[in-house]
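Q: I'd like to ask you about the structure that follows.
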Amino acid sequence: MLLRALLAVALSAGGALAAPLEASLPDSPVPASWGDVRRLEQALARRQVAVVYSDRCPKGLEGMYDHRVSRLLMCRNTMPNQPESHWNTLAHEAVHVMQICRQAAPLSSGQEQIQARLLAAMAPREKLHILAAYPPEQRLYELEARWVANTVAPPAVLELLERSCGPVRPDTSQLLAPLLGPVSGS
């Protein structure tokens, strides 16, 4: 379903996939402070995920999570020195940590209605970037990470990390649905 929806976006873009696509923050990023960044770093450290900063990342890379060594790389030289930029990247990579905590499964695993709502809420350029930059088996993981980073407030991301990776882990159906709000018409 996700692949069909992404392909529909690509086809309606009239060949825009041939142009290079760059990841970018939404027009109005999630408001965040350096304190929010620090709190998320500390929450990740409590889960044995080291957050490491580098000034030598290649152009286009802002962050990366490597679950094999439980390390999250943040690239200072490729993103603006603004808390919102750092928050966006850190929150995005933290979602990948959450997915690993859930046995390397998407947070919306088996929840097609939630996946459809995430996709509908995503800006067209983000959909195109996911389609162009990631193989089919990674697209749902990226959709979730981009949606959370671009739309969810810092306290809710910290709560989602706790619910995804903490000692008591609710069913997958209870993770993203509360963040999406009520379904229209209900």
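Each chain of the structure tokens is named A, B, ... in the order shown, its residues numbered from 1; ligands are numbered from 1 in display order.
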What lies within 12 Å of region 154-165 of chain A using only C-alpha atoms, ignoring chain neighbours under 5 positions off, as a PyMOL selection string?
A: chain A and resi 29-49+83-84+86-88+90-108+145+147-149+170-180
Q: DSSP on the backbone: what in chain A comes out strand (DSSP E), as number ranges by chain?
A: A: 50-54, 63-66, 71-75
Q: Go ahead and save the picked residues with C-alpha atoms, as a PDB file, in the first residue's frame.
A:
```pdb
ATOM      1  CA  ALA A  50      25.935   7.020  22.346  1.00  0.00           C
ATOM      2  CA  VAL A  51      25.367  10.346  20.574  1.00  0.00           C
ATOM      3  CA  VAL A  52      28.598  11.357  18.856  1.00  0.00           C
ATOM      4  CA  TYR A  53      29.217  14.675  17.082  1.00  0.00           C
ATOM      5  CA  SER A  54      31.459  15.078  14.050  1.00  0.00           C
ATOM      6  CA  GLY A  63      22.958  12.240  11.070  1.00  0.00           C
ATOM      7  CA  MET A  64      22.930   8.472  11.120  1.00  0.00           C
ATOM      8  CA  TYR A  65      22.092   5.707  13.586  1.00  0.00           C
ATOM      9  CA  ASP A  66      24.137   2.506  13.504  1.00  0.00           C
ATOM     10  CA  ARG A  71      25.843   4.896  18.099  1.00  0.00           C
ATOM     11  CA  LEU A  72      24.025   7.911  16.727  1.00  0.00           C
ATOM     12  CA  LEU A  73      26.159  10.276  14.661  1.00  0.00           C
ATOM     13  CA  MET A  74      25.271  13.966  14.502  1.00  0.00           C
ATOM     14  CA  CYS A  75      26.998  16.084  11.836  1.00  0.00           C
TER      15      CYS A  75
END
```
Q: As a PyMOL selection string, please: every residue in region 23-130 of chain A that DSSP puts in helix (DSSP H, G or I).
A: chain A and resi 34-45+76-78+83-101+112-121+124-130
Q: Could you tell me which of A:Thr78, A:Pro167, A:His129, A:Arg139 comes closest to Gln115 (chain A) if we count only C-alpha atoms?
A: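 Residue with the minimum atom-to-atom distance to Gln115 (chain A): A:Arg139.
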Q: I need the residue nearest Tyr141 (chain A) from this list: A:Ser109, A:Ala120, A:Arg169, A:Arg125. Use only C-alpha atoms for the distance.
A: A:Ser109
Q: Return the single residue from A:Leu118, A:Leu128, A:Val69, A:Leu61 that is closest to Val152 (chain A), with distances computed using only C-alpha atoms.
A: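 That would be A:Leu118, the residue with the smallest distance to Val152 (chain A).
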Q: Quick one, how far is CA of Asp55 (chain A) from CA of Ser70 (chain A)?
A: 19.8 Å
Q: Excluding Asn77 (chain A) and residues on its chain fewer than 5 positions from it, collect all residues at most 9 Å away from it, counting only C-alpha atoms, and give them as a list in words.
A: Ser54, Asp55, Arg56, Cys57, Pro58, Lys59 and Glu62 of chain A
Q: How far is it from CA of Glu142 (chain A) to CA of Ala121 (chain A), in Å with one decimal?
A: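 Between CA of Glu142 (chain A) and CA of Ala121 (chain A) the gap works out to 13.9 Å.
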Q: Just to confirm, what's the straight-line distance from CA of Pro135 (chain A) to CA of Ala153 (chain A) in Å (one decimal)?
A: 28.4 Å
